[in-house]
Amino acid sequence: MSEPTYEELKARVAELEKQKGGRRTGSLEFRVGEKGGVSVYGLGRFPVTLYYEQWIRLLDASSDLRQFLESAKADGKLKLKEK
């Protein structure tokens with residue numbers, strides 16, 4: 001069996017992207033890395049990776065973070081993405 005050509009590989013990648021709808025699905029994906037960090041994919045260009053204890057601290061502070069964000073939004077300090 002011969003190796004596929006560059007053009008065949010490129011066509012196959014395009015076909016797979018059509019089936020999946022591209023890489024950006026709008027959903028979040030979670031993965032555990034080799035060193036035990038938990039990464040969240042789908043928020044932006046790069047994943048956000050924290051260790052377990054850091055995620056717990058962040059989740060415990062979620063109500064404070066939400067209040068801070070709403071306050072900053074009301075003050076016009078945040079750069080918001082236009083829909």
# chains A, B, ... in the order shown; residues from 1 in each chain; ligands from 1
$ residues_around --residues "range 47-54 of chain A" --least-positions-apart "3" --cutoff "6 Å" --atoms "only C-alpha atoms" --output "VMD selection string"
chain A and resid 37 to 41 57
$ write_last_selection --atoms "C-alpha atoms" --output "PDB file, in the first residue's frame"
ATOM      1  CA  GLY A  37      -3.365  19.747  35.463  1.00  0.00           C
ATOM      2  CA  VAL A  38      -6.932  20.083  34.216  1.00  0.00           C
ATOM      3  CA  SER A  39      -7.256  22.004  30.946  1.00  0.00           C
ATOM      4  CA  VAL A  40     -10.370  23.641  29.541  1.00  0.00           C
ATOM      5  CA  TYR A  41     -10.473  23.917  25.765  1.00  0.00           C
ATOM      6  CA  ARG A  57     -10.432  27.921  44.809  1.00  0.00           C
TER       7      ARG A  57
END
$ atom_distance --atom1 "CA of Leu16 in chain A" --atom2 "CA of Leu43 in chain A"
22.4 Å
$ select_by_dssp --residues "chain A" --states "strand (DSSP E or B)" --output "VMD selection string"
chain A and resid 29 to 32 38 to 41 48 to 50
